[in-house]
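Down below is the structure, laid out as structure tokens.
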Amino acid sequence: MAETTNQFSSKAIAAAFCFAVMGIILTEGQTNFLTECHKKLAPRQCGWQIGNELFTGNATVDQQCCSRLVDMGEKCHKELLKNYLSSPDHANVNATEVWRRSDILWSRCSKISAHP
């Protein structure tokens, strides 16, 4: 029985270490990309408006911030959101609902900030 527990503990520790290393590698590999994406949302109010809409469901993103979001690009938007939702601090967030709101926001912003 003790041997089984030790084997389980060793496997659990090894698995946790692998996931931690993968997370660090992914985070380091995307740091510059995510930083550049974040800069594109300046001024700060746009980040607040987008966050408010995604996490509360209140449609608060104005046309200027919609344009910034679309100019930033869908990949930046999704990667920033994925990074945010992966944080242990946001474990209680309903990610499915946030992603649904994200799709609605992206669709709306794409329409109202259409580029000629």
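Starting from 1 in every chain, residues are counted up; chains themselves are A, B, ... following the order of the structure tokens, and ligands are numbered from 1 as listed.
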
| message | I want to know what sits within 12 Å of A:Leu80, based on only C-alpha atoms, with residues of the same chain fewer than 5 positions away left out; could you give that as a count of residues only? | response | 26

Note to self: Just list as a count of residues only whatever in stretch 27-104 of chain A DSSP marks as helix (DSSP H, G or I).
What the structure shows: 61

- Closest to A:Ala59 among A:Arg101, A:Arg44, A:Lys111, A:Lys82, using only C-alpha atoms?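 Among the listed residues, the smallest separation from A:Ala59 belongs to A:Arg101.
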
Which of A:Thr96, A:Gln64, A:Leu54, A:His90 sits closest to A:Cys109 [using only C-alpha atoms]: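 So, comparing all the options, the nearest one is A:Gln64.
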
Provide the atom CA of A:Lys78 to atom CA of A:Cys65 distance in Å, to one decimal place.
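Between atom CA of A:Lys78 and atom CA of A:Cys65 the gap works out to 15.9 Å.
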
Pick out the residues sitting within 9 Å of A:Val61, and hand them over as a ChimeraX atom specification; count only C-alpha atoms, and ignore anything fewer than 6 positions along from it in its own chain. /A:46,48-50,52-53,105,109

Take the residues from that selection and put them in a file with N, CA, C and O atoms, as a PDB file, in the first residue's frame.
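Everything below was put into result36.pdb:
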ATOM      1  N   CYS A  46     -10.336  51.344 -22.925  1.00  0.00           N
ATOM      2  CA  CYS A  46     -10.820  50.300 -23.834  1.00  0.00           C
ATOM      3  C   CYS A  46     -10.737  48.925 -23.172  1.00  0.00           C
ATOM      4  O   CYS A  46     -11.653  48.123 -23.294  1.00  0.00           O
ATOM      5  N   TRP A  48     -10.902  48.358 -20.016  1.00  0.00           N
ATOM      6  CA  TRP A  48     -11.963  48.326 -19.004  1.00  0.00           C
ATOM      7  C   TRP A  48     -13.324  48.084 -19.640  1.00  0.00           C
ATOM      8  O   TRP A  48     -14.131  47.299 -19.130  1.00  0.00           O
ATOM      9  N   GLN A  49     -13.589  48.765 -20.756  1.00  0.00           N
ATOM     10  CA  GLN A  49     -14.880  48.584 -21.430  1.00  0.00           C
ATOM     11  C   GLN A  49     -15.051  47.141 -21.913  1.00  0.00           C
ATOM     12  O   GLN A  49     -16.105  46.536 -21.723  1.00  0.00           O
ATOM     13  N   ILE A  50     -14.016  46.611 -22.518  1.00  0.00           N
ATOM     14  CA  ILE A  50     -14.078  45.247 -23.044  1.00  0.00           C
ATOM     15  C   ILE A  50     -14.249  44.254 -21.902  1.00  0.00           C
ATOM     16  O   ILE A  50     -15.098  43.358 -21.963  1.00  0.00           O
ATOM     17  N   ASN A  52     -15.492  44.779 -18.936  1.00  0.00           N
ATOM     18  CA  ASN A  52     -16.824  44.937 -18.363  1.00  0.00           C
ATOM     19  C   ASN A  52     -17.867  44.189 -19.192  1.00  0.00           C
ATOM     20  O   ASN A  52     -18.718  43.483 -18.652  1.00  0.00           O
ATOM     21  N   GLU A  53     -17.771  44.341 -20.497  1.00  0.00           N
ATOM     22  CA  GLU A  53     -18.748  43.659 -21.354  1.00  0.00           C
ATOM     23  C   GLU A  53     -18.587  42.143 -21.302  1.00  0.00           C
ATOM     24  O   GLU A  53     -19.566  41.411 -21.220  1.00  0.00           O
ATOM     25  N   LEU A 105     -19.299  40.240 -29.004  1.00  0.00           N
ATOM     26  CA  LEU A 105     -18.585  41.516 -29.038  1.00  0.00           C
ATOM     27  C   LEU A 105     -17.785  41.647 -30.325  1.00  0.00           C
ATOM     28  O   LEU A 105     -17.837  42.682 -30.997  1.00  0.00           O
ATOM     29  N   CYS A 109     -18.404  44.552 -33.017  1.00  0.00           N
ATOM     30  CA  CYS A 109     -17.333  45.513 -33.288  1.00  0.00           C
ATOM     31  C   CYS A 109     -16.872  45.433 -34.741  1.00  0.00           C
ATOM     32  O   CYS A 109     -16.564  46.469 -35.355  1.00  0.00           O
TER      33      CYS A 109
END
